[in-house]
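Student: Attaching a single structure in structure tokens format; questions to follow.
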Protein chains: 2
Amino acid sequence: MRPDTSGAVQRPGGRRKVTTAAELEKVAFDLFDEQGFERTTVTDIAAAAGIARRTFFHYFPSKNDIPWGDFDSGLERMRAEFRALPEDLPLMDAVRHCLVEFNRVPEEQVPEHRRRMRLILGVPALQAHSTLRFESWREVVAEFAGHRLGEPSTALTPQTIAHAALGVALSAYQHWLDHPELALSDLLDTAMRELARAHADQ
Amino acid sequence: MRPDTSGAVQRPGGRRKVTTAAELEKVAFDLFDEQGFERTTVTDIAAAAGIARRTFFHYFPSKNDIPWGDFDSGLERMRAEFRALPEDLPLMDAVRHCLVEFNRVPEEQVPEHRRRMRLILGVPALQAHSTLRFESWREVVAEFAGHRLGEPSTALTPQTIAHAALGVALSAYQHWLDHPELALSDLLDTAMRELARAHADQ
DNA sequence: CACGGTATTTGCACCGGGTGCATTTTCACA
DNA sequence: TGTGAAAATGCACCCGGTGCAAATACCGTG
């Protein structure tokens with residue numbers, strides 16, 4: 001039998017990694033809490049983590065990427081979520097459903113999630129950077145919408161639906177950050193329904 | 001009678017400005033065409049314009065702001081556009097109408113507009129930066145939606161409508177850039193209608 | 001015409017993010 | 001005890017952006 005290659009990357013020799021992205025993220029978040037994002041330099045983070053500044057960039061492509069965790073791996077989850085949906089569920093209901101499910105977090109991780117999102121959506125530099133990260137998220141939605149509509153995902157309607165879905169998510173998130181007593185899932189669901197309602201109302 | 005203070009700022013003495021933002025923009029755009037946005041440095045632009053690098057930053061807060069022209073002044077135009085609409089025009093019809101009108105450009109300015117938008121929506125750094133510039137645009141829409149709904153513009157629904165409207169605009173623009181033969185106005189109108197249709201379809 | 005006030009330009013030193021490259025360190029395994 | 005591979009590191013840069021002080025050009029006035 002071949003050696004187990006699942007989980008961590010196999011290591012056929014070579015120096016051990018001295019830390020992890022998750023660990024660096026933790027160190028960085030603490031500094032961000034203390035002194036804010038912009039006032040924290042990469043040098044600060046590296047020093048606090050006990051690594052060289054240069055090494056930091058082996059773990060994160062940029063300072064702006066620190067708060068994103070394994071966002072990309074979540075995309076595959078969402079794709080699966082879309083696939084699992086019954087074919088006869090109306091398109092926008094399906095989108096709403098996945099919006100809610102994709103953003104469901106276990107209760108105990110809520111404070112952590114809130115902190116992360118407050119950074120991403122609150123700090124201008126990160127807000128700007130988020131556009132780039134959200135592109136692949138939109139693409140997942142567009143693919144699904146295109147599939148349902150029998151159009152390429154690059155067509156106008158799928159792209160529009162994807163953009164709108166992202167907009168809904170962002171406004172729900174912003175509201176959630178401003179109103180800690182409200183549940184994110186409810187806000188996402190409501191926002192999506194209210195948009196449909198606005199479109200329907202004459 | 002007081003001297004005319006309309007138009008250009010009055011100059012009660014002091015050194016003359018040596019150039020204008022518009023002129024710098026022109027110089028910069030030429031360089032962008034030649035060598036691309038990222039490969040063009042601020043130093044390049046300043047040199048080509050015959051000013052000091054430091055002076056450039058008296059005309060633009062950042063390199064990323066070059067392609068934006070007088071975008072902010074356009075916002076007031078859009079606000080007026082919203083105000084001029086009949087009160088009984090359904091909310092989303094009003095939004096669609098303003099979306100189309102705000103983005104209407106005289107035929108002769110179309111190539112210029114396309115070049116500008118191809119930069120803004122095509123170069124990652126500018127794409128990211130655009131998020132920050134679009135915030136005030138969204139706010140205009142949210143204010144109108146809030147007004148119509150009898151809610152503060154910060155409420156969930158107005159914000160969602162604003163985010164969605166921006167999404168629609170972005171997807172229409174992207175499509176326009178990819179398909180030069182199509183008219184921007186039509187794409188904006190269609191995108192908005194298709195989103196409504198998607199929401200309505202069961 | 002010289003002068004004084006004013007706004008703009010400029011130079012300079014500096015900071016922070018990010019990269020390319022060569023070198024050193026640490027590890028597994030033979 | 002090597003030997004090869006991966007990771008960490010150091011260093012020299014580049015670029016965008018800022019704070020500050022000095023130089024420069026313009027205006028109106030005496």
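Ordering of the structure tokens sets the chain letters (A, B, ...); residue numbers start at 1 within each chain; ligands are numbered from 1 in the order shown.
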Can you pull out every residue within 10 Å of range 166-180 of chain B, counting only C-alpha atoms (C1' of nucleotides), but drop anything in the same chain fewer than 6 positions away, and send it as a count of residues only?
Tutor: 42
Student: Need to verify the contact set: range 7-13 of chain C, 10 Å, only C-alpha atoms (C1' of nucleotides), exclusion of same-chain residues closer than 3 positions in sequence. Can you return it as a PyMOL selection string?
Tutor: (chain B and resi 11-18+51-55+58) or (chain D and resi 19-26)
Student: Please produce an output containing N, CA, C and O atoms (P, O5', C5', C4', C3', O3' and C1' of nucleotides) for each residue in the selection, written as a compact mmCIF listing (two decimals), in the first residue's frame.
Tutor:
```txt
# COMPACT_ATOMS: atom_id res chain seq x y z
N ARG B 11 -8.45 83.28 -7.50
CA ARG B 11 -7.05 83.16 -7.12
C ARG B 11 -6.56 84.46 -6.52
O ARG B 11 -6.06 85.34 -7.22
N PRO B 12 -6.71 84.62 -5.22
CA PRO B 12 -6.35 85.87 -4.56
C PRO B 12 -4.84 85.97 -4.38
O PRO B 12 -4.38 86.43 -3.35
N GLY B 13 -4.11 85.57 -5.36
CA GLY B 13 -2.66 85.61 -5.24
C GLY B 13 -2.10 84.24 -4.99
O GLY B 13 -2.81 83.31 -4.62
N GLY B 14 -0.81 84.09 -5.22
CA GLY B 14 -0.20 82.78 -5.05
C GLY B 14 0.26 82.21 -6.37
O GLY B 14 -0.18 82.64 -7.44
N ARG B 15 1.10 81.25 -6.30
CA ARG B 15 1.67 80.64 -7.50
C ARG B 15 0.61 79.93 -8.33
O ARG B 15 -0.33 79.37 -7.80
N ARG B 16 0.76 79.98 -9.64
CA ARG B 16 -0.20 79.31 -10.51
C ARG B 16 0.02 77.80 -10.51
O ARG B 16 1.15 77.34 -10.47
N LYS B 17 -1.08 77.08 -10.60
CA LYS B 17 -0.94 75.63 -10.78
C LYS B 17 -0.29 75.38 -12.13
O LYS B 17 -0.55 76.10 -13.10
N VAL B 18 0.54 74.37 -12.15
CA VAL B 18 1.33 74.16 -13.35
C VAL B 18 0.67 73.18 -14.31
O VAL B 18 1.02 73.08 -15.48
N ILE B 51 6.59 67.23 -14.15
CA ILE B 51 6.48 67.72 -12.78
C ILE B 51 7.26 66.80 -11.85
O ILE B 51 7.71 65.73 -12.27
N ALA B 52 7.40 67.23 -10.62
CA ALA B 52 8.10 66.39 -9.65
C ALA B 52 7.16 65.30 -9.15
O ALA B 52 5.95 65.48 -9.09
N ARG B 53 7.76 64.21 -8.79
CA ARG B 53 6.98 63.09 -8.28
C ARG B 53 6.08 63.53 -7.12
O ARG B 53 4.90 63.19 -7.06
N ARG B 54 6.67 64.28 -6.24
CA ARG B 54 5.91 64.73 -5.08
C ARG B 54 4.68 65.53 -5.48
O ARG B 54 3.64 65.49 -4.82
N THR B 55 4.82 66.28 -6.54
CA THR B 55 3.73 67.15 -6.99
C THR B 55 2.53 66.34 -7.47
O THR B 55 1.39 66.75 -7.30
N HIS B 58 -0.21 65.98 -5.21
CA HIS B 58 -1.06 67.14 -4.92
C HIS B 58 -2.28 67.13 -5.83
O HIS B 58 -3.25 67.81 -5.58
P DG D 19 0.89 62.74 6.40
O5' DG D 19 2.11 63.40 7.21
C5' DG D 19 3.21 62.60 7.59
C4' DG D 19 4.35 63.50 8.06
C3' DG D 19 3.95 64.95 8.35
O3' DG D 19 4.72 65.40 9.45
C1' DG D 19 5.51 64.87 6.56
P DC D 20 4.51 66.88 10.01
O5' DC D 20 5.78 67.60 9.36
C5' DC D 20 7.01 66.89 9.23
C4' DC D 20 8.07 67.81 8.65
C3' DC D 20 7.75 69.29 8.78
O3' DC D 20 8.93 69.98 9.11
C1' DC D 20 8.09 68.78 6.52
P DA D 21 8.87 71.44 9.70
O5' DA D 21 10.04 72.11 8.88
C5' DA D 21 11.20 71.34 8.54
C4' DA D 21 11.79 71.88 7.26
C3' DA D 21 11.84 73.41 7.19
O3' DA D 21 13.08 73.80 6.63
C1' DA D 21 10.69 72.55 5.32
P DA D 22 13.53 75.31 6.64
O5' DA D 22 13.85 75.57 5.11
C5' DA D 22 14.60 74.58 4.40
C4' DA D 22 14.41 74.78 2.91
C3' DA D 22 14.56 76.23 2.44
O3' DA D 22 15.37 76.26 1.28
C1' DA D 22 12.47 75.37 1.73
P DA D 23 15.90 77.64 0.73
O5' DA D 23 15.28 77.64 -0.74
C5' DA D 23 15.41 76.45 -1.51
C4' DA D 23 14.43 76.49 -2.66
C3' DA D 23 14.45 77.79 -3.48
O3' DA D 23 14.46 77.43 -4.84
C1' DA D 23 12.26 77.35 -2.75
P DT D 24 14.77 78.57 -5.93
O5' DT D 24 13.35 78.82 -6.57
C5' DT D 24 12.55 77.68 -6.94
C4' DT D 24 11.16 78.15 -7.28
C3' DT D 24 11.10 79.46 -8.07
O3' DT D 24 10.38 79.21 -9.25
C1' DT D 24 9.54 79.46 -6.31
P DA D 25 10.51 80.20 -10.54
O5' DA D 25 9.03 80.79 -10.58
C5' DA D 25 7.95 79.88 -10.73
C4' DA D 25 6.66 80.56 -10.35
C3' DA D 25 6.42 81.89 -11.06
O3' DA D 25 5.12 81.85 -11.60
C1' DA D 25 6.13 82.14 -8.74
P DC D 26 4.76 82.77 -12.84
O5' DC D 26 3.67 83.73 -12.20
C5' DC D 26 2.44 83.16 -11.77
C4' DC D 26 1.91 83.92 -10.59
C3' DC D 26 1.55 85.37 -10.85
O3' DC D 26 0.19 85.46 -11.25
C1' DC D 26 2.42 84.97 -8.64
```
Student: Check every residue of chain C for an atom within 7 Å of chain A, counting only C-alpha atoms (C1' of nucleotides), and provide those that qualify as a short mmCIF file (atom, residue, chain, number, x, y, z; two decimals) with C-alpha atoms (C1' of nucleotides), in the first residue's frame.
Tutor:
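Heads up, here's the output in out_23.cif:
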```cif
data_model
loop_
_atom_site.label_atom_id
_atom_site.label_comp_id
_atom_site.auth_asym_id
_atom_site.auth_seq_id
_atom_site.Cartn_x
_atom_site.Cartn_y
_atom_site.Cartn_z
"C1'" DT C 26 17.36 21.75 9.31
"C1'" DC C 27 15.55 17.60 8.35
"C1'" DA C 28 14.95 12.44 6.40
#
```
Student: Between CA of Phe56 in chain B and CA of Arg133 in chain B, what is the distance, to one decimal in Å?
Tutor: 19.9 Å
Student: Using Å and a single decimal, report how far C1' of DC14 in chain C sits from CA of Ala21 in chain B.
Tutor: 26.7 Å
Student: What is the distance, in Å and to one decimal place, between CA of Leu132 in chain B and C1' of DC14 in chain D?
Tutor: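 So the two atoms, CA of Leu132 in chain B and C1' of DC14 in chain D, lie 26.1 Å apart.
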Student: Looking at only C-alpha atoms (C1' of nucleotides), which of D:DG2, D:DG28, D:DG16, D:DG10 is the one that sits closest to DA30 in chain C?
Tutor: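 Checking each candidate against DA30 in chain C, we get D:DG2 as the closest.
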Student: Please identify all residues of chain D having at least one atom at most 10 Å from any atom of chain A, considering only C-alpha atoms (C1' of nucleotides), and return them as a short mmCIF file (atom, residue, chain, number, x, y, z; two decimals) with C-alpha atoms (C1' of nucleotides), in the first residue's frame.
Tutor:
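Heads up, here's the output in out12.cif:
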```
data_model
loop_
_atom_site.label_atom_id
_atom_site.label_comp_id
_atom_site.auth_asym_id
_atom_site.auth_seq_id
_atom_site.Cartn_x
_atom_site.Cartn_y
_atom_site.Cartn_z
"C1'" DG D 4 19.69 15.97 -1.24
"C1'" DA D 5 15.47 18.61 -0.49
"C1'" DA D 6 12.66 22.03 1.59
"C1'" DA D 7 12.29 25.74 4.41
"C1'" DA D 8 14.11 29.93 6.67
"C1'" DT D 9 16.81 33.82 6.35
"C1'" DG D 10 19.34 38.03 4.95
#
```
